$ cat work_4.pdb   # PDB, C-alpha atoms
MODEL        1
ATOM      1  CA  MET P 288      -4.823 -22.379  -0.701
ATOM      2  CA  ARG P 289      -7.253 -24.850   0.809
ATOM      3  CA  THR P 290     -10.875 -23.707   1.225
ATOM      4  CA  ASP P 291     -14.137 -25.563   1.821
ATOM      5  CA  HIS P 292     -15.703 -24.250  -1.381
ATOM      6  CA  GLN P 293     -14.579 -22.837  -4.701
ATOM      7  CA  LEU P 294     -16.418 -20.586  -7.118
ATOM      8  CA  ASP P 295     -15.183 -19.763 -10.611
ATOM      9  CA  VAL P 296     -16.659 -16.537 -12.010
ATOM     10  CA  GLN P 297     -13.883 -15.811 -14.498
ATOM     11  CA  GLY P 298     -15.120 -13.931 -17.539
ATOM     12  CA  LEU P 299     -18.305 -12.804 -15.816
ATOM     13  CA  ALA P 300     -19.150  -9.112 -15.455
ATOM     14  CA  CYS P 301     -20.943  -7.213 -12.691
ATOM     15  CA  PRO P 302     -23.305  -8.098 -11.050
ATOM     16  CA  MET P 303     -22.630 -11.806 -11.666
ATOM     17  CA  PRO P 304     -19.674 -12.285  -9.280
ATOM     18  CA  ILE P 305     -21.823 -10.924  -6.449
ATOM     19  CA  VAL P 306     -24.926 -12.864  -7.424
ATOM     20  CA  LYS P 307     -22.994 -16.138  -7.722
ATOM     21  CA  THR P 308     -21.118 -15.559  -4.459
ATOM     22  CA  LYS P 309     -24.412 -14.981  -2.699
ATOM     23  CA  LYS P 310     -25.817 -18.236  -4.133
ATOM     24  CA  THR P 311     -22.744 -20.204  -3.084
ATOM     25  CA  MET P 312     -22.898 -18.707   0.436
ATOM     26  CA  ASN P 313     -26.483 -19.922   0.699
ATOM     27  CA  THR P 314     -25.277 -23.508   0.318
ATOM     28  CA  MET P 315     -22.467 -23.138   2.882
ATOM     29  CA  GLU P 316     -22.375 -23.848   6.614
ATOM     30  CA  VAL P 317     -21.476 -21.014   8.993
ATOM     31  CA  GLY P 318     -17.697 -20.935   9.447
ATOM     32  CA  GLU P 319     -16.854 -22.447   6.064
ATOM     33  CA  THR P 320     -14.545 -20.668   3.632
ATOM     34  CA  VAL P 321     -14.823 -20.048  -0.100
ATOM     35  CA  GLU P 322     -12.359 -19.052  -2.794
ATOM     36  CA  VAL P 323     -13.956 -16.837  -5.475
ATOM     37  CA  ILE P 324     -11.888 -16.670  -8.669
ATOM     38  CA  ALA P 325     -12.808 -13.619 -10.755
ATOM     39  CA  THR P 326     -11.500 -11.537 -13.628
ATOM     40  CA  ASP P 327     -13.934  -8.616 -13.192
ATOM     41  CA  ALA P 328     -11.780  -5.751 -11.865
ATOM     42  CA  GLY P 329     -14.875  -4.292 -10.222
ATOM     43  CA  SER P 330     -15.063  -7.343  -7.978
ATOM     44  CA  LYS P 331     -12.069  -6.014  -6.054
ATOM     45  CA  ALA P 332     -14.141  -3.318  -4.390
ATOM     46  CA  ASP P 333     -17.501  -5.014  -4.754
ATOM     47  CA  LEU P 334     -16.872  -8.264  -2.906
ATOM     48  CA  GLN P 335     -15.428  -6.424   0.089
ATOM     49  CA  ALA P 336     -18.408  -4.077   0.176
ATOM     50  CA  TRP P 337     -20.745  -7.037  -0.228
ATOM     51  CA  ALA P 338     -19.150  -8.847   2.704
ATOM     52  CA  ALA P 339     -19.305  -5.740   4.896
ATOM     53  CA  SER P 340     -22.964  -5.275   4.041
ATOM     54  CA  THR P 341     -24.037  -8.886   4.546
ATOM     55  CA  GLY P 342     -21.922  -9.514   7.662
ATOM     56  CA  HIS P 343     -19.669 -12.160   6.155
ATOM     57  CA  GLN P 344     -15.909 -12.072   6.635
ATOM     58  CA  TYR P 345     -13.706 -10.879   3.782
ATOM     59  CA  ILE P 346     -10.401 -12.605   4.494
ATOM     60  CA  GLY P 347      -8.258 -11.294   1.662
ATOM     61  CA  LEU P 348      -7.342 -11.061  -1.996
ATOM     62  CA  VAL P 349      -4.546 -12.603  -4.048
ATOM     63  CA  GLU P 350      -3.880 -11.063  -7.469
ATOM     64  CA  GLU P 351      -2.282 -13.243 -10.111
ATOM     65  CA  GLY P 352      -2.083 -11.051 -13.208
ATOM     66  CA  SER P 353      -5.674 -10.305 -14.192
ATOM     67  CA  VAL P 354      -7.010 -13.158 -12.056
ATOM     68  CA  LEU P 355      -8.386 -12.118  -8.690
ATOM     69  CA  LYS P 356      -8.714 -14.722  -5.943
ATOM     70  CA  HIS P 357     -11.003 -13.575  -3.163
ATOM     71  CA  TYR P 358     -11.253 -15.448   0.132
ATOM     72  CA  LEU P 359     -14.390 -15.201   2.259
ATOM     73  CA  ARG P 360     -15.853 -16.959   5.278
ATOM     74  CA  LYS P 361     -19.524 -17.358   6.083
ATOM     75  CA  CYS P 362     -20.510 -15.673   9.342
ATOM     76  CA  ASN P 363     -23.679 -15.334  11.322
ATOM     77  CA  GLU P 364     -23.252 -12.565  13.880
ATOM     78  CA  ALA P 365     -26.700 -13.298  15.295
ATOM     79  CA  GLU P 366     -25.501 -16.725  16.350
ATOM     80  CA  GLU P 367     -22.503 -15.331  18.219
ATOM     81  CA  ARG P 368     -22.488 -17.448  21.352
ATOM     82  CA  GLU P 369     -21.425 -16.658  24.861
ATOM     83  CA  LYS P 370     -17.862 -17.516  25.814
ATOM     84  CA  THR P 371     -17.623 -19.766  28.866
ATOM     85  CA  PHE P 372     -13.969 -20.786  29.279
ATOM     86  CA  GLU P 373     -12.740 -19.039  32.403
ATOM     87  CA  GLN P 374      -8.985 -18.803  31.863
ATOM     88  CA  THR P 375      -8.508 -15.817  29.579
ATOM     89  CA  VAL P 376      -5.696 -13.401  28.790
ATOM     90  CA  SER P 377      -5.597 -10.121  26.909
ATOM     91  CA  LEU P 378      -3.831  -9.589  23.607
ATOM     92  CA  GLU P 379      -1.211  -7.390  25.302
ATOM     93  CA  GLU P 380      -0.155 -10.234  27.573
ATOM     94  CA  VAL P 381       0.340 -12.552  24.634
ATOM     95  CA  GLN P 382       2.851 -10.177  23.111
ATOM     96  CA  ASN P 383       5.225 -10.684  26.033
ATOM     97  CA  ILE P 384       5.120 -14.421  26.581
ATOM     98  CA  SER P 385       8.044 -16.739  27.201
ATOM     99  CA  ASN P 386       9.585 -18.732  24.378
ATOM    100  CA  ASP P 387       8.415 -21.916  25.933
ATOM    101  CA  SER P 388       4.682 -21.301  25.520
ATOM    102  CA  ILE P 389       2.702 -21.614  22.328
ATOM    103  CA  VAL P 390       0.304 -19.265  20.554
ATOM    104  CA  LEU P 391      -2.239 -21.586  18.950
ATOM    105  CA  ASP P 392      -4.229 -19.983  16.112
ATOM    106  CA  VAL P 393      -7.448 -21.978  15.532
ATOM    107  CA  ARG P 394      -8.776 -19.959  12.590
ATOM    108  CA  GLU P 395      -9.074 -21.488   9.111
ATOM    109  CA  GLU P 396      -5.910 -21.974   7.090
ATOM    110  CA  VAL P 397      -6.652 -19.019   4.767
ATOM    111  CA  GLU P 398      -7.328 -16.652   7.632
ATOM    112  CA  TYR P 399      -3.993 -17.629   9.146
ATOM    113  CA  ALA P 400      -2.231 -17.192   5.814
ATOM    114  CA  PHE P 401      -3.405 -13.572   5.413
ATOM    115  CA  GLY P 402      -1.926 -12.556   8.762
ATOM    116  CA  HIS P 403      -1.133 -14.084  12.136
ATOM    117  CA  ILE P 404       0.939 -13.328  15.214
ATOM    118  CA  LYS P 405       4.578 -14.059  14.517
ATOM    119  CA  GLY P 406       5.453 -17.615  15.459
ATOM    120  CA  ALA P 407       1.856 -18.740  16.030
ATOM    121  CA  THR P 408       1.014 -22.372  15.317
ATOM    122  CA  SER P 409      -1.937 -23.012  13.008
ATOM    123  CA  ILE P 410      -4.484 -25.731  13.738
ATOM    124  CA  PRO P 411      -7.995 -24.886  12.476
ATOM    125  CA  PHE P 412     -10.626 -25.567  15.138
ATOM    126  CA  GLY P 413     -12.236 -28.297  13.055
ATOM    127  CA  GLU P 414      -8.939 -30.194  12.954
ATOM    128  CA  LEU P 415      -7.923 -29.731  16.580
ATOM    129  CA  PHE P 416      -9.347 -33.010  17.836
ATOM    130  CA  ASP P 417      -7.426 -35.052  15.284
ATOM    131  CA  ASN P 418      -4.184 -33.230  16.011
ATOM    132  CA  MET P 419      -4.339 -33.224  19.795
ATOM    133  CA  GLU P 420      -1.983 -36.201  20.143
ATOM    134  CA  LYS P 421       0.791 -34.119  18.598
ATOM    135  CA  LEU P 422       0.572 -31.416  21.265
ATOM    136  CA  ASP P 423       2.613 -31.489  24.467
ATOM    137  CA  LYS P 424       0.198 -31.399  27.431
ATOM    138  CA  THR P 425       2.760 -29.912  29.798
ATOM    139  CA  LYS P 426       3.169 -26.717  27.783
ATOM    140  CA  THR P 427       1.212 -23.484  28.037
ATOM    141  CA  TYR P 428      -1.157 -22.627  25.165
ATOM    142  CA  TYR P 429      -2.539 -19.200  24.296
ATOM    143  CA  VAL P 430      -5.427 -19.985  21.977
ATOM    144  CA  ILE P 431      -6.554 -17.287  19.558
ATOM    145  CA  CYS P 432      -9.076 -16.868  16.740
ATOM    146  CA  ARG P 433     -10.816 -13.877  15.146
ATOM    147  CA  THR P 434     -13.264 -12.855  17.885
ATOM    148  CA  GLY P 435     -12.654 -15.325  20.713
ATOM    149  CA  THR P 436     -15.533 -17.698  19.986
ATOM    150  CA  ARG P 437     -13.759 -20.535  18.229
ATOM    151  CA  SER P 438     -10.817 -20.227  20.626
ATOM    152  CA  ASP P 439     -13.263 -20.492  23.541
ATOM    153  CA  LEU P 440     -14.486 -23.837  22.206
ATOM    154  CA  ALA P 441     -10.931 -24.928  21.463
ATOM    155  CA  CYS P 442      -9.855 -24.154  25.046
ATOM    156  CA  GLN P 443     -12.738 -26.224  26.393
ATOM    157  CA  GLN P 444     -11.816 -29.113  24.142
ATOM    158  CA  LEU P 445      -8.165 -28.965  25.202
ATOM    159  CA  ALA P 446      -9.072 -28.752  28.899
ATOM    160  CA  GLU P 447     -11.362 -31.771  28.568
ATOM    161  CA  HIS P 448      -8.434 -33.723  27.190
ATOM    162  CA  GLY P 449      -6.123 -32.984  30.054
ATOM    163  CA  PHE P 450      -4.385 -29.777  29.008
ATOM    164  CA  LYS P 451      -3.907 -27.714  32.186
ATOM    165  CA  HIS P 452      -2.286 -24.516  30.995
ATOM    166  CA  VAL P 453      -4.718 -23.227  28.405
ATOM    167  CA  TYR P 454      -5.797 -19.599  27.974
ATOM    168  CA  ASN P 455      -8.319 -17.999  25.624
ATOM    169  CA  VAL P 456      -6.914 -14.789  24.117
ATOM    170  CA  LEU P 457      -9.470 -11.982  24.019
ATOM    171  CA  PRO P 458     -10.753 -10.117  22.112
ATOM    172  CA  GLY P 459      -8.939 -11.918  19.244
ATOM    173  CA  MET P 460      -7.226 -11.068  15.974
ATOM    174  CA  THR P 461      -9.808  -8.402  15.041
ATOM    175  CA  ALA P 462      -8.243  -6.206  17.720
ATOM    176  CA  TYR P 463      -4.632  -7.123  17.079
ATOM    177  CA  THR P 464      -2.550  -4.157  15.976
ATOM    178  CA  GLY P 465       0.935  -5.635  16.247
ATOM    179  CA  GLU P 466       3.132  -6.973  13.517
ATOM    180  CA  LEU P 467       1.586  -9.618  11.301
ATOM    181  CA  GLU P 468       3.345 -12.522   9.671
ATOM    182  CA  LYS P 469       1.945 -13.704   6.342
ATOM    183  CA  THR P 470       2.386 -16.930   4.445
ATOM    184  CA  ILE P 471       0.989 -15.775   1.087
TER     185      ILE P 471
ATOM    186  CA  MET D 773     -30.068   1.055   8.361
ATOM    187  CA  SER D 774     -32.821   0.452   5.851
ATOM    188  CA  ASN D 775     -32.899  -2.981   4.323
ATOM    189  CA  LYS D 776     -35.016  -1.915   1.354
ATOM    190  CA  VAL D 777     -34.123  -0.586  -2.075
ATOM    191  CA  ALA D 778     -36.921   1.003  -4.118
ATOM    192  CA  ILE D 779     -36.493   1.533  -7.851
ATOM    193  CA  ILE D 780     -38.669   3.314 -10.408
ATOM    194  CA  ALA D 781     -38.159   2.204 -14.022
ATOM    195  CA  SER D 782     -39.795   4.711 -16.338
ATOM    196  CA  ASN D 783     -37.684   4.388 -19.483
ATOM    197  CA  GLY D 784     -37.694   1.564 -21.988
ATOM    198  CA  GLY D 785     -34.277   1.431 -23.667
ATOM    199  CA  LEU D 786     -31.552  -1.193 -23.430
ATOM    200  CA  PHE D 787     -29.292   0.986 -21.299
ATOM    201  CA  ASP D 788     -32.168   1.831 -18.975
ATOM    202  CA  ALA D 789     -32.812  -1.874 -18.543
ATOM    203  CA  TYR D 790     -29.208  -2.567 -17.531
ATOM    204  CA  LYS D 791     -29.200   0.264 -15.009
ATOM    205  CA  VAL D 792     -32.378  -1.040 -13.424
ATOM    206  CA  PHE D 793     -31.612  -4.748 -13.340
ATOM    207  CA  ASN D 794     -27.915  -4.516 -12.435
ATOM    208  CA  ILE D 795     -28.659  -2.437  -9.378
ATOM    209  CA  ALA D 796     -31.669  -4.580  -8.510
ATOM    210  CA  THR D 797     -29.832  -7.920  -8.688
ATOM    211  CA  ALA D 798     -26.779  -6.566  -6.877
ATOM    212  CA  ALA D 799     -28.978  -5.215  -4.087
ATOM    213  CA  ALA D 800     -30.970  -8.442  -3.832
ATOM    214  CA  ALA D 801     -27.746 -10.455  -3.688
ATOM    215  CA  THR D 802     -26.695  -8.201  -0.802
ATOM    216  CA  GLU D 803     -29.758  -9.372   1.077
ATOM    217  CA  LYS D 804     -31.808  -6.228   0.470
ATOM    218  CA  GLU D 805     -35.538  -6.331  -0.102
ATOM    219  CA  VAL D 806     -35.976  -4.853  -3.585
ATOM    220  CA  ALA D 807     -39.072  -3.626  -5.440
ATOM    221  CA  ILE D 808     -39.172  -2.112  -8.914
ATOM    222  CA  PHE D 809     -42.109  -0.012 -10.094
ATOM    223  CA  PHE D 810     -42.437  -0.174 -13.891
ATOM    224  CA  THR D 811     -44.260   2.769 -15.386
ATOM    225  CA  PHE D 812     -44.673   4.324 -18.849
ATOM    226  CA  GLU D 813     -41.920   3.121 -21.214
ATOM    227  CA  GLY D 814     -40.454   1.207 -18.305
ATOM    228  CA  LEU D 815     -43.153  -1.421 -18.857
ATOM    229  CA  ASN D 816     -41.174  -2.370 -21.966
ATOM    230  CA  LEU D 817     -38.527  -3.948 -19.704
ATOM    231  CA  ILE D 818     -40.946  -6.631 -18.517
ATOM    232  CA  HIS D 819     -42.983  -6.969 -21.720
ATOM    233  CA  LYS D 820     -42.827 -10.611 -22.904
ATOM    234  CA  GLN D 821     -41.779  -9.654 -26.436
ATOM    235  CA  GLY D 822     -40.512  -6.121 -25.877
ATOM    236  CA  MET D 823     -37.796  -7.140 -23.395
ATOM    237  CA  HIS D 824     -36.047  -9.175 -26.106
ATOM    238  CA  HIS D 825     -35.800  -6.205 -28.484
ATOM    239  CA  LEU D 826     -34.817  -3.234 -26.364
ATOM    240  CA  ALA D 827     -33.277  -0.433 -28.387
ATOM    241  CA  ALA D 828     -29.861   1.081 -27.699
ATOM    242  CA  PRO D 829     -29.703   4.878 -28.118
ATOM    243  CA  ALA D 830     -29.011   6.005 -31.690
ATOM    244  CA  GLY D 831     -25.313   6.042 -32.472
ATOM    245  CA  SER D 832     -24.350   3.712 -29.620
ATOM    246  CA  GLU D 833     -24.301   0.438 -31.548
ATOM    247  CA  GLN D 834     -20.636  -0.014 -30.656
ATOM    248  CA  VAL D 835     -21.438   0.187 -26.978
ATOM    249  CA  ALA D 836     -24.220  -2.339 -27.463
ATOM    250  CA  ALA D 837     -21.672  -4.723 -28.967
ATOM    251  CA  GLY D 838     -19.515  -4.107 -25.910
ATOM    252  CA  PHE D 839     -22.158  -5.776 -23.745
ATOM    253  CA  THR D 840     -21.558  -9.027 -25.604
ATOM    254  CA  ASN D 841     -17.784  -8.659 -25.472
ATOM    255  CA  ALA D 842     -17.800  -7.969 -21.744
ATOM    256  CA  ASN D 843     -19.937 -11.098 -21.244
ATOM    257  CA  VAL D 844     -22.725  -9.107 -19.592
ATOM    258  CA  PRO D 845     -25.881 -11.222 -19.148
ATOM    259  CA  SER D 846     -28.811 -10.505 -21.464
ATOM    260  CA  ILE D 847     -31.789  -8.570 -20.121
ATOM    261  CA  PRO D 848     -34.080 -11.639 -20.028
ATOM    262  CA  GLU D 849     -31.354 -13.450 -18.055
ATOM    263  CA  LEU D 850     -31.040 -10.568 -15.602
ATOM    264  CA  VAL D 851     -34.823 -10.440 -15.219
ATOM    265  CA  GLU D 852     -34.947 -14.134 -14.410
ATOM    266  CA  MET D 853     -32.088 -13.740 -11.950
ATOM    267  CA  ALA D 854     -33.776 -10.786 -10.255
ATOM    268  CA  GLN D 855     -37.002 -12.752  -9.825
ATOM    269  CA  ASP D 856     -35.028 -15.739  -8.588
ATOM    270  CA  LEU D 857     -33.411 -13.509  -5.939
ATOM    271  CA  GLY D 858     -36.834 -12.358  -4.778
ATOM    272  CA  VAL D 859     -37.054  -8.906  -6.370
ATOM    273  CA  THR D 860     -40.682  -7.704  -6.492
ATOM    274  CA  PHE D 861     -41.890  -6.309  -9.826
ATOM    275  CA  ILE D 862     -44.837  -3.924  -9.733
ATOM    276  CA  ALA D 863     -46.406  -2.879 -13.040
ATOM    277  CA  CYS D 864     -48.220   0.434 -12.992
ATOM    278  CA  GLN D 865     -51.953  -0.148 -13.554
ATOM    279  CA  MET D 866     -52.626   3.350 -14.806
ATOM    280  CA  THR D 867     -49.961   3.244 -17.548
ATOM    281  CA  MET D 868     -51.064  -0.251 -18.549
ATOM    282  CA  ASP D 869     -54.575   1.126 -19.102
ATOM    283  CA  VAL D 870     -53.304   4.162 -21.000
ATOM    284  CA  MET D 871     -51.004   2.095 -23.213
ATOM    285  CA  ASN D 872     -53.536  -0.721 -23.561
ATOM    286  CA  ILE D 873     -51.214  -3.379 -22.085
ATOM    287  CA  GLN D 874     -52.761  -6.480 -20.488
ATOM    288  CA  LYS D 875     -51.211  -8.338 -17.569
ATOM    289  CA  GLU D 876     -50.810 -11.348 -19.916
ATOM    290  CA  ASP D 877     -48.548  -9.216 -22.131
ATOM    291  CA  LEU D 878     -46.089  -8.884 -19.268
ATOM    292  CA  ILE D 879     -43.824 -11.567 -17.777
ATOM    293  CA  ASP D 880     -45.235 -13.921 -15.146
ATOM    294  CA  GLY D 881     -44.791 -13.477 -11.425
ATOM    295  CA  ILE D 882     -45.353  -9.738 -11.232
ATOM    296  CA  ASP D 883     -47.780  -7.600  -9.237
ATOM    297  CA  VAL D 884     -49.974  -4.915 -10.758
ATOM    298  CA  GLY D 885     -50.575  -1.898  -8.586
ATOM    299  CA  GLY D 886     -50.910   1.828  -8.334
ATOM    300  CA  ALA D 887     -48.550   4.506  -7.158
ATOM    301  CA  VAL D 888     -49.569   3.982  -3.540
ATOM    302  CA  THR D 889     -48.516   0.324  -3.670
ATOM    303  CA  PHE D 890     -45.012   1.453  -4.547
ATOM    304  CA  LEU D 891     -44.999   4.372  -2.114
ATOM    305  CA  GLU D 892     -46.002   2.093   0.726
ATOM    306  CA  PHE D 893     -42.956  -0.070   0.010
ATOM    307  CA  ALA D 894     -40.649   2.885  -0.613
ATOM    308  CA  LYS D 895     -41.557   4.937   2.460
ATOM    309  CA  ASP D 896     -38.697   3.457   4.503
ATOM    310  CA  ALA D 897     -36.398   2.399   1.676
ATOM    311  CA  ALA D 898     -32.896   3.773   1.284
ATOM    312  CA  PRO D 899     -31.801   4.303  -1.384
ATOM    313  CA  SER D 900     -34.745   5.048  -3.665
ATOM    314  CA  LEU D 901     -33.651   5.221  -7.274
ATOM    315  CA  SER D 902     -35.274   6.375 -10.484
ATOM    316  CA  PHE D 903     -34.168   5.351 -13.968
TER     317      PHE D 903
ENDMDL
END
$ encode --input "work_4.pdb" --output "structure tokens"
Amino acid sequence: MRTDHQLDVQGLACPMPIVKTKKTMNTMEVGETVEVIATDAGSKADLQAWAASTGHQYIGLVEEGSVLKHYLRKCNEAEEREKTFEQTVSLEEVQNISNDSIVLDVREEVEYAFGHIKGATSIPFGELFDNMEKLDKTKTYYVICRTGTRSDLACQQLAEHGFKHVYNVLPGMTAYTGELEKTI
Amino acid sequence: MSNKVAIIASNGGLFDAYKVFNIATAAAATEKEVAIFFTFEGLNLIHKQGMHHLAAPAGSEQVAAGFTNANVPSIPELVEMAQDLGVTFIACQMTMDVMNIQKEDLIDGIDVGGAVTFLEFAKDAAPSLSF
């Protein structure tokens, strides 16, 4: 799966996977993703606990035999910005939309892979501008991310480029309790 | 929630060293402010020569070999990593005097202080650990 960074800690024992992950995170920009490849069974619990404690997002784990692939995303809760796009809808409304409208998931590819609303289209926020030509401006878009921040920016960008029927879905996937579709 | 972890290292064996430095580096990597107070035999863990020859408990040679097999870093490596991550090392002045250890005998980049220096740091730390 595509991530911005990769870290190989295979063969290393505790506390090295944590120490190395921390060092890699220090070099990353907020919002970037990293794949941590480990063989330390303790990393299964440890990396999740580490993420919870440091405020970074633990996206998920793929086990391939004794190889553990952890996916994380750098967060900075303190920098959480105010949402300004006025057209918003709640998660409940999105679950009963017509077939003609599109749920646009602007989270990173790995976040999408570990669980998204059934039928949602994936375009990571960073790639939206380059893909805008492919989208039909006459359709209705329900834009969603994890907490509503990236989708807020995505809505603004779409509106600036002539999309009329654009809605930011709040609060975002963190509050979604419905059925999830996975691509891993 | 406290963002500090306070550790007392008062024993000087190989296993003691791993307990101290594993917890310390893990905590520091989790963005905690960490201080370790080295006292009595614990001073061995930051002694320039001593730290390279820490003894495993009698009869546990097999376990000691397991450290190599499991690819666990050596104690000097863990010490360097801990310092790199910003862990504060405080050597106990009183025990240094009693055991006739000079600051030059210990690794660089450490503080020397008394019990109150550590207590001041530890007063709002959670957890506080003793090894």
$ residues_near_point --input "work_4.pdb" --point "(-8.5, -12.4, -14.2)" --cutoff "9 Å" --atoms "all atoms listed in the file" --output "PyMOL selection string"
chain P and resi 297-298+324-328+350-356
$ write_last_selection --input "work_4.pdb" --atoms "C-alpha atoms" --output "mmCIF file, keeping the file's coordinate frame"
data_model
loop_
_atom_site.group_PDB
_atom_site.id
_atom_site.type_symbol
_atom_site.label_atom_id
_atom_site.label_comp_id
_atom_site.auth_asym_id
_atom_site.auth_seq_id
_atom_site.Cartn_x
_atom_site.Cartn_y
_atom_site.Cartn_z
ATOM 1 C CA GLN P 297 -13.883 -15.811 -14.498
ATOM 2 C CA GLY P 298 -15.120 -13.931 -17.539
ATOM 3 C CA ILE P 324 -11.888 -16.670 -8.669
ATOM 4 C CA ALA P 325 -12.808 -13.619 -10.755
ATOM 5 C CA THR P 326 -11.500 -11.537 -13.628
ATOM 6 C CA ASP P 327 -13.934 -8.616 -13.192
ATOM 7 C CA ALA P 328 -11.780 -5.751 -11.865
ATOM 8 C CA GLU P 350 -3.880 -11.063 -7.469
ATOM 9 C CA GLU P 351 -2.282 -13.243 -10.111
ATOM 10 C CA GLY P 352 -2.083 -11.051 -13.208
ATOM 11 C CA SER P 353 -5.674 -10.305 -14.192
ATOM 12 C CA VAL P 354 -7.010 -13.158 -12.056
ATOM 13 C CA LEU P 355 -8.386 -12.118 -8.690
ATOM 14 C CA LYS P 356 -8.714 -14.722 -5.943
#
$ interface_residues --input "work_4.pdb" --of "chain P" --to "chain D" --cutoff "12 Å" --atoms "all atoms listed in the file" --output "PyMOL selection string"
chain P and resi 296-313+326-328+330+333-343
$ atom_distance --input "work_4.pdb" --atom1 "CA of Arg394 in chain P" --atom2 "CA of Ile410 in chain P"
7.3 Å
$ atom_distance --input "work_4.pdb" --atom1 "CA of Val859 in chain D" --atom2 "CA of Val806 in chain D"
5.0 Å
$ closest_residue --input "work_4.pdb" --among "D:Ala781, D:Leu891, D:Ala898, D:Val870" --to "Leu815 in chain D" --atoms "only C-alpha atoms"
D:Ala781
$ atom_distance --input "work_4.pdb" --atom1 "CA of Ile346 in chain P" --atom2 "CA of Ala446 in chain P"
29.3 Å
